[in-house]
$ cat protein.cif   # mmCIF, C-alpha atoms
data_protein
loop_
_atom_site.label_atom_id
_atom_site.label_comp_id
_atom_site.auth_asym_id
_atom_site.auth_seq_id
_atom_site.Cartn_x
_atom_site.Cartn_y
_atom_site.Cartn_z
CA MET A 1237 -14.83 4.74 10.25
CA ALA A 1238 -14.58 8.39 11.25
CA TYR A 1239 -11.17 10.05 11.36
CA ALA A 1240 -12.06 11.20 14.88
CA GLU A 1241 -11.60 7.55 15.92
CA SER A 1242 -8.34 6.85 14.06
CA PRO A 1243 -7.24 6.79 10.43
CA ILE A 1244 -4.18 4.72 11.41
CA GLY A 1245 -3.93 0.97 10.81
CA ILE A 1246 -1.30 -1.74 11.15
CA SER A 1247 -0.48 -4.95 9.31
CA LEU A 1248 -2.36 -8.00 10.56
CA LYS A 1249 0.04 -10.84 11.42
CA PRO A 1250 -0.78 -14.36 12.70
CA GLN A 1251 1.66 -14.05 15.62
CA HIS A 1252 -0.53 -11.26 16.99
CA TYR A 1253 -3.94 -12.96 16.60
CA SER A 1254 -4.36 -14.03 20.24
CA GLU A 1255 -3.21 -10.70 21.65
CA ILE A 1256 -5.52 -8.74 19.34
CA LEU A 1257 -8.55 -10.83 20.28
CA HIS A 1258 -7.73 -10.73 23.99
CA ASP A 1259 -6.59 -7.11 24.40
CA ARG A 1260 -8.61 -5.38 21.65
CA PRO A 1261 -5.96 -2.71 21.01
CA GLN A 1262 -6.99 0.83 20.12
CA ILE A 1263 -6.23 0.85 16.42
CA GLY A 1264 -8.30 2.11 13.50
CA TRP A 1265 -8.07 -0.90 11.17
CA PHE A 1266 -5.97 -3.84 10.01
CA GLU A 1267 -4.54 -4.50 6.57
CA LEU A 1268 -3.88 -8.01 5.27
CA HIS A 1269 -2.82 -9.84 2.14
CA PRO A 1270 -5.97 -11.68 1.00
CA GLU A 1271 -3.79 -14.37 -0.59
CA ASN A 1272 -3.13 -15.66 2.93
CA TYR A 1273 -6.86 -16.35 3.39
CA MET A 1274 -7.86 -17.92 0.08
CA SER A 1275 -8.18 -21.41 1.55
CA GLU A 1276 -11.62 -22.72 2.47
CA GLY A 1277 -12.48 -22.44 6.15
CA GLY A 1278 -10.05 -23.37 8.91
CA GLU A 1279 -8.62 -21.61 11.94
CA SER A 1280 -7.36 -18.59 9.99
CA HIS A 1281 -10.90 -17.76 8.86
CA ARG A 1282 -12.32 -18.29 12.33
CA VAL A 1283 -9.83 -15.76 13.72
CA LEU A 1284 -10.23 -13.35 10.82
CA SER A 1285 -14.01 -13.37 11.22
CA ALA A 1286 -13.63 -12.53 14.91
CA ILE A 1287 -11.24 -9.67 14.11
CA ALA A 1288 -13.52 -8.43 11.31
CA ASP A 1289 -16.37 -8.22 13.82
CA ARG A 1290 -14.36 -5.63 15.77
CA TYR A 1291 -12.20 -3.79 13.25
CA PRO A 1292 -12.39 -2.64 9.60
CA LEU A 1293 -10.18 -4.64 7.24
CA SER A 1294 -8.24 -3.43 4.20
CA PHE A 1295 -7.29 -6.03 1.55
CA HIS A 1296 -3.87 -5.41 0.01
CA SER A 1297 -3.52 -7.92 -2.82
CA VAL A 1298 -0.20 -9.03 -4.29
CA GLY A 1299 -1.53 -11.51 -6.86
CA LEU A 1300 -3.82 -9.86 -9.41
CA SER A 1301 -0.86 -9.18 -11.73
CA LEU A 1302 -2.52 -6.08 -13.14
CA GLY A 1303 0.43 -5.18 -15.36
CA ARG A 1304 0.84 -8.41 -17.28
CA ALA A 1305 0.13 -8.39 -21.01
CA GLU A 1306 -2.60 -11.07 -20.90
CA GLY A 1307 -4.60 -9.25 -18.24
CA PRO A 1308 -5.33 -10.05 -14.57
CA ASP A 1309 -5.27 -13.57 -13.18
CA LEU A 1310 -8.99 -14.41 -13.41
CA THR A 1311 -8.81 -17.37 -11.00
CA HIS A 1312 -7.18 -15.13 -8.45
CA LEU A 1313 -9.78 -12.46 -9.09
CA GLU A 1314 -12.63 -14.91 -8.42
CA ARG A 1315 -11.06 -15.91 -5.10
CA LEU A 1316 -10.59 -12.27 -4.16
CA ASP A 1317 -14.21 -11.55 -5.04
CA ARG A 1318 -15.40 -14.33 -2.71
CA LEU A 1319 -13.29 -12.95 0.14
CA CYS A 1320 -14.68 -9.46 -0.46
CA SER A 1321 -18.19 -10.89 -0.28
CA ASP A 1322 -17.37 -12.66 2.98
CA TYR A 1323 -15.57 -9.80 4.77
CA ASP A 1324 -16.61 -6.56 3.00
CA PRO A 1325 -13.23 -4.80 3.37
CA CYS A 1326 -13.18 -1.02 3.62
CA ARG A 1327 -10.56 -0.88 0.84
CA VAL A 1328 -9.05 -3.20 -1.79
CA SER A 1329 -5.68 -2.48 -3.38
CA ASP A 1330 -2.94 -3.97 -5.53
CA HIS A 1331 0.27 -2.77 -7.16
CA LEU A 1332 1.59 -1.02 -10.25
CA ALA A 1333 3.36 -4.24 -11.20
CA TRP A 1334 2.95 -7.75 -12.61
CA THR A 1335 3.50 -10.99 -10.72
CA SER A 1336 2.67 -13.85 -13.13
CA SER A 1337 2.68 -14.72 -16.82
CA GLY A 1338 1.98 -17.82 -18.86
CA GLY A 1339 1.16 -19.90 -15.80
CA THR A 1340 4.41 -18.98 -14.01
CA PHE A 1341 4.10 -17.11 -10.72
CA PHE A 1342 6.90 -14.96 -9.32
CA ASN A 1343 7.43 -14.14 -5.66
CA ASP A 1344 8.00 -10.50 -6.47
CA LEU A 1345 6.33 -7.33 -7.74
CA LEU A 1346 7.91 -6.90 -11.17
CA PRO A 1347 8.21 -3.56 -13.01
CA PHE A 1348 7.15 -2.68 -16.53
CA PRO A 1349 7.88 0.34 -18.75
CA TYR A 1350 5.49 3.28 -18.59
CA THR A 1351 4.28 3.49 -22.18
CA GLN A 1352 0.98 4.29 -23.87
CA ALA A 1353 0.58 0.58 -24.63
CA SER A 1354 1.17 -0.50 -21.01
CA LEU A 1355 -1.19 2.24 -19.82
CA GLU A 1356 -3.92 0.83 -22.05
CA THR A 1357 -3.26 -2.68 -20.74
CA PHE A 1358 -3.29 -1.53 -17.13
CA CYS A 1359 -6.47 0.54 -17.53
CA ASN A 1360 -8.24 -2.47 -19.06
CA ALA A 1361 -7.06 -4.66 -16.19
CA VAL A 1362 -8.27 -2.22 -13.53
CA ASP A 1363 -11.61 -1.85 -15.29
CA LEU A 1364 -12.08 -5.63 -15.35
CA VAL A 1365 -11.23 -5.95 -11.64
CA GLN A 1366 -13.43 -3.07 -10.54
CA THR A 1367 -16.34 -4.38 -12.59
CA ARG A 1368 -16.00 -7.88 -11.10
CA LEU A 1369 -15.62 -6.66 -7.52
CA GLY A 1370 -18.23 -3.94 -7.88
CA ARG A 1371 -15.98 -1.43 -6.13
CA ARG A 1372 -13.18 1.05 -6.72
CA ILE A 1373 -9.69 -0.30 -6.07
CA LEU A 1374 -6.47 1.50 -5.15
CA VAL A 1375 -3.18 1.02 -7.01
CA GLU A 1376 0.13 1.39 -5.17
CA ASN A 1377 3.22 3.13 -6.56
CA PRO A 1378 6.16 0.68 -6.62
CA SER A 1379 9.72 0.75 -5.36
CA GLN A 1380 12.32 0.80 -8.14
CA TYR A 1381 16.03 0.00 -8.28
CA ALA A 1382 16.88 1.04 -11.85
CA ALA A 1383 15.14 3.13 -14.50
CA LEU A 1384 13.61 1.36 -17.51
CA ASP A 1385 14.84 2.96 -20.72
CA GLU A 1386 11.69 1.92 -22.59
CA SER A 1387 9.47 4.21 -20.49
CA GLU A 1388 7.79 7.05 -22.38
CA MET A 1389 6.47 8.96 -19.37
CA ALA A 1390 7.14 9.58 -15.69
CA GLU A 1391 5.54 7.30 -13.12
CA SER A 1392 3.48 10.19 -11.76
CA ASP A 1393 2.10 10.91 -15.23
CA PHE A 1394 1.27 7.23 -15.68
CA LEU A 1395 -0.58 7.07 -12.36
CA ASN A 1396 -2.42 10.32 -13.01
CA ALA A 1397 -3.59 9.03 -16.39
CA LEU A 1398 -4.54 5.69 -14.83
CA THR A 1399 -6.75 7.23 -12.15
CA ARG A 1400 -8.33 9.62 -14.64
CA ARG A 1401 -9.14 6.94 -17.21
CA SER A 1402 -10.04 3.99 -14.99
CA GLY A 1403 -11.57 5.69 -11.95
CA CYS A 1404 -9.28 3.83 -9.55
CA GLY A 1405 -7.61 5.53 -6.59
CA LEU A 1406 -4.04 5.68 -5.34
CA LEU A 1407 -2.37 3.87 -2.50
CA LEU A 1408 0.56 6.21 -1.94
CA ASP A 1409 3.53 4.43 -0.41
CA LEU A 1410 5.81 7.14 0.97
CA ASN A 1411 8.63 4.73 1.73
CA ASN A 1412 8.59 3.61 -1.91
CA ILE A 1413 8.81 7.24 -3.03
CA TYR A 1414 11.82 7.80 -0.78
CA VAL A 1415 13.51 4.54 -1.86
CA CYS A 1416 13.04 5.45 -5.54
CA SER A 1417 14.30 8.98 -4.97
CA GLN A 1418 17.55 7.66 -3.54
CA ASN A 1419 17.97 4.87 -6.10
CA LEU A 1420 17.06 6.95 -9.16
CA GLY A 1421 18.26 10.37 -8.02
CA PHE A 1422 15.36 12.78 -7.62
CA ASP A 1423 13.83 14.95 -4.89
CA PRO A 1424 10.93 13.01 -3.31
CA THR A 1425 8.91 16.18 -2.78
CA THR A 1426 8.80 16.65 -6.57
CA TYR A 1427 6.86 13.38 -6.73
CA LEU A 1428 4.23 14.80 -4.37
CA ASP A 1429 4.15 17.94 -6.50
CA ALA A 1430 3.47 15.90 -9.65
CA ILE A 1431 0.95 13.33 -8.42
CA ASP A 1432 -2.80 14.00 -8.23
CA LEU A 1433 -3.13 13.83 -4.44
CA SER A 1434 -6.91 14.12 -4.62
CA GLN A 1435 -6.94 10.46 -5.68
CA VAL A 1436 -5.07 9.16 -2.59
CA GLY A 1437 -7.24 6.72 -0.63
CA GLU A 1438 -4.57 5.19 1.58
CA VAL A 1439 -0.95 5.82 2.58
CA HIS A 1440 1.75 3.32 3.53
CA LEU A 1441 4.63 4.03 5.91
CA ALA A 1442 7.36 1.37 6.13
CA GLY A 1443 11.04 0.75 6.67
CA HIS A 1444 13.81 -0.18 4.25
CA THR A 1445 17.38 -1.42 4.31
CA CYS A 1446 20.56 -0.26 2.60
CA SER A 1447 22.60 -2.57 0.37
CA GLU A 1448 25.22 -2.38 -2.36
CA TRP A 1449 24.73 -3.34 -6.00
CA MET A 1450 27.30 -3.00 -8.79
CA GLY A 1451 29.42 -0.69 -6.66
CA ARG A 1452 26.66 1.69 -5.64
CA LYS A 1453 24.42 2.05 -2.64
CA ILE A 1454 20.78 1.14 -3.11
CA LEU A 1455 17.83 1.11 -0.74
CA ILE A 1456 15.72 -2.06 -0.57
CA ASP A 1457 12.03 -1.84 0.29
CA ASP A 1458 11.89 -4.74 2.75
CA HIS A 1459 9.23 -3.58 5.28
CA GLY A 1460 11.46 -4.89 8.03
CA SER A 1461 12.18 -1.93 10.30
CA GLU A 1462 10.79 1.28 11.73
CA VAL A 1463 9.90 4.26 9.56
CA CYS A 1464 12.92 6.50 8.95
CA SER A 1465 12.97 10.24 9.65
CA GLU A 1466 12.94 11.15 5.95
CA VAL A 1467 9.71 9.20 5.38
CA TRP A 1468 8.14 10.80 8.45
CA SER A 1469 9.03 14.15 6.89
CA LEU A 1470 7.27 13.13 3.68
CA PHE A 1471 4.25 12.11 5.76
CA ALA A 1472 4.21 15.53 7.41
CA ASP A 1473 4.44 17.19 4.00
CA LEU A 1474 1.58 15.07 2.68
CA LEU A 1475 -0.68 15.82 5.65
CA ASN A 1476 0.03 19.53 5.24
CA ARG A 1477 -1.19 19.19 1.65
CA ILE A 1478 -4.27 16.96 1.98
CA GLY A 1479 -5.10 16.52 5.67
CA PRO A 1480 -5.76 13.21 7.48
CA VAL A 1481 -5.82 10.08 5.34
CA SER A 1482 -6.06 6.37 6.13
CA THR A 1483 -2.44 5.40 6.87
CA LEU A 1484 -0.83 2.01 7.42
CA ILE A 1485 2.25 1.10 9.41
CA GLU A 1486 3.46 -1.67 7.09
CA TRP A 1487 5.85 -4.22 8.66
CA ASP A 1488 6.14 -7.60 6.90
CA THR A 1489 9.61 -8.99 7.71
CA ASP A 1490 11.32 -9.31 11.08
CA VAL A 1491 7.85 -8.63 12.48
CA PRO A 1492 8.10 -7.01 15.93
CA SER A 1493 5.78 -7.31 18.89
CA LEU A 1494 2.27 -5.96 18.64
CA GLU A 1495 3.28 -3.35 21.21
CA ARG A 1496 6.06 -2.08 18.92
CA LEU A 1497 3.69 -1.85 15.96
CA LEU A 1498 1.21 0.07 18.06
CA GLN A 1499 3.95 2.49 19.10
CA GLU A 1500 4.67 3.28 15.44
CA ALA A 1501 0.94 3.68 14.87
CA GLU A 1502 0.70 6.10 17.79
CA LYS A 1503 3.52 8.16 16.28
CA ALA A 1504 1.56 8.39 13.03
CA GLN A 1505 -1.55 9.29 15.02
CA SER A 1506 0.35 12.11 16.72
CA TYR A 1507 1.00 13.63 13.29
CA VAL A 1508 -2.70 13.42 12.52
CA ARG A 1509 -3.63 15.10 15.81
CA VAL A 1510 -1.34 18.04 15.06
CA CYS A 1511 -2.72 18.24 11.52
CA VAL A 1512 -6.33 18.29 12.74
CA ALA A 1513 -5.43 20.96 15.30
CA GLY A 1514 -3.90 23.10 12.57
CA GLY A 1515 -0.34 22.82 13.94
CA GLU A 1516 2.95 22.89 12.04
CA LEU A 1517 3.90 19.32 11.16
CA ARG A 1518 7.47 20.01 10.11
CA ALA A 1519 8.43 20.40 13.75
CA LEU A 1520 7.36 16.82 14.39
CA ALA A 1521 9.36 15.54 11.42
CA SER A 1522 12.67 17.02 12.60
#
$ encode --input "protein.cif" --output "structure tokens"
Amino acid sequence: MAYAESPIGISLKPQHYSEILHDRPQIGWFELHPENYMSEGGESHRVLSAIADRYPLSFHSVGLSLGRAEGPDLTHLERLDRLCSDYDPCRVSDHLAWTSSGGTFFNDLLPFPYTQASLETFCNAVDLVQTRLGRRILVENPSQYAALDESEMAESDFLNALTRRSGCGLLLDLNNIYVCSQNLGFDPTTYLDAIDLSQVGEVHLAGHTCSEWMGRKILIDDHGSEVCSEVWSLFADLLNRIGPVSTLIEWDTDVPSLERLLQEAEKAQSYVRVCVAGGELRALAS
């Protein structure tokens, strides 16, 4: 899909199926969790096939468990491969995390220390997945709530080494960067300075909530609200650095109306229009 059409996508949610098929909204693409479509046949596949006939799809997996010591979940990988064959998504991604081990599955994206050993494990996992799927995948930077003392390197160094060694790309979640910066105490622009932005294949914009843990304020990456001004500022900074990039409005909890999602998408598109025209994006972010 050409950027002249729209690099902006939104999350695909079942409550919006009918409206999408009836109204055919002007949006660049839809992103979905393939785990929700790993059953055989049924109404969900009928609808997804109809949507796929009209829009590009991006598969954002949450179940490969790339960071676990025993390697990716091979059963899950086979199911993902079949879905890719059926729908030919424009992108496939997963997370810098692990989600299962020893037959136990966790409903969360769990962290691991950034060490040379974990880098080797993760590179091997990505290589296996890319070989099986026959395509490059993207790996998303996580949200974090506490630093792991066992880490031997910064997250940006880990991701840079991962992309260099495995050939995968980056799914850069700007909300996660902001959440981590507030929880761990660093300037989020230093993350953009450190990461190899040439490897970014997709960007996520999302909302978060504020909570309290052990007497201190923490931000929780819940994808349940509009994008905050600080994350829009990071988006402007990123576009100033690399230009237009496929960008998702990610909204997974307290899902709003399709109209509200499209409004957020239009705001992101307005940033892209200014970027393409050579305008100053910081004015939009203020």
$ atom_distance --input "protein.cif" --atom1 "atom CA of Leu1484 of chain A" --atom2 "atom CA of Ala1501 of chain A"
7.8 Å
$ closest_residue --input "protein.cif" --among "A:Glu1466, A:Asp1393, A:Glu1255, A:Asp1457" --to "Pro1424 of chain A" --atoms "all atoms listed in the file"
A:Glu1466
$ closest_residue --input "protein.cif" --among "A:Cys1326, A:Tyr1273, A:Ala1361, A:Leu1284" --to "Ala1305 of chain A" --atoms "only C-alpha atoms"
A:Ala1361
$ resolve_selection --input "protein.cif" --expression "the PyMOL selection byres ((chain A and resi 1390) around 12)" --output "MDAnalysis selection string"
chainID A and resid 1349:1352 1355 1377 1383:1389 1391:1397 1422 1426:1427 1430:1431
$ resolve_selection --input "protein.cif" --expression "the PyMOL selection byres ((chain A and resi 1260) around 12)" --output "VMD selection string"
chain A and resid 1252 to 1259 1261 to 1265 1286 to 1291 1494 1498
$ atom_distance --input "protein.cif" --atom1 "atom CA of Glu1486 of chain A" --atom2 "atom CA of Leu1248 of chain A"
9.3 Å
$ residues_near_point --input "protein.cif" --point "(-5.4, -6.4, -6.5)" --cutoff "12 Å" --atoms "all atoms listed in the file" --output "ChimeraX atom specification"
/A:1268-1271,1294-1303,1308-1310,1312-1317,1320,1327-1335,1345,1358,1361-1366,1368-1369,1371-1376,1404,1407
$ closest_residue --input "protein.cif" --among "A:Glu1495, A:Glu1448, A:Asp1429, A:Glu1500" --to "Arg1477 of chain A" --atoms "only C-alpha atoms"
A:Asp1429
$ closest_residue --input "protein.cif" --among "A:Gly1307, A:Gly1421, A:Pro1325, A:Gly1479" --to "Ser1285 of chain A" --atoms "all atoms listed in the file"
A:Pro1325
$ atom_distance --input "protein.cif" --atom1 "atom CA of Val1467 of chain A" --atom2 "atom CA of Gln1380 of chain A"
16.1 Å
$ closest_residue --input "protein.cif" --among "A:Tyr1323, A:Thr1489, A:Tyr1381, A:Asp1473" --to "Ser1417 of chain A" --atoms "all atoms listed in the file"
A:Tyr1381
$ closest_residue --input "protein.cif" --among "A:Ser1321, A:Thr1399, A:Ser1242, A:Ser1280" --to "Gly1437 of chain A" --atoms "all atoms listed in the file"
A:Thr1399
$ axis_aligned_box --input "protein.cif" --around "segment 1482-1497 of chain A" --padding-each-side "3 Å" --output "AutoDock Vina command-line options"
--center_x 2.6 --center_y -1.5 --center_z 13.7 --size_x 23.4 --size_y 21.7 --size_z 21.1
$ resolve_selection --input "protein.cif" --expression "the PyMOL selection byres ((chain A and resi 1468) around 9)" --output "JSON, numbers by chain"
{"A": [1410, 1441, 1463, 1464, 1465, 1466, 1467, 1469, 1470, 1471, 1472, 1473, 1504, 1520, 1521, 1522]}
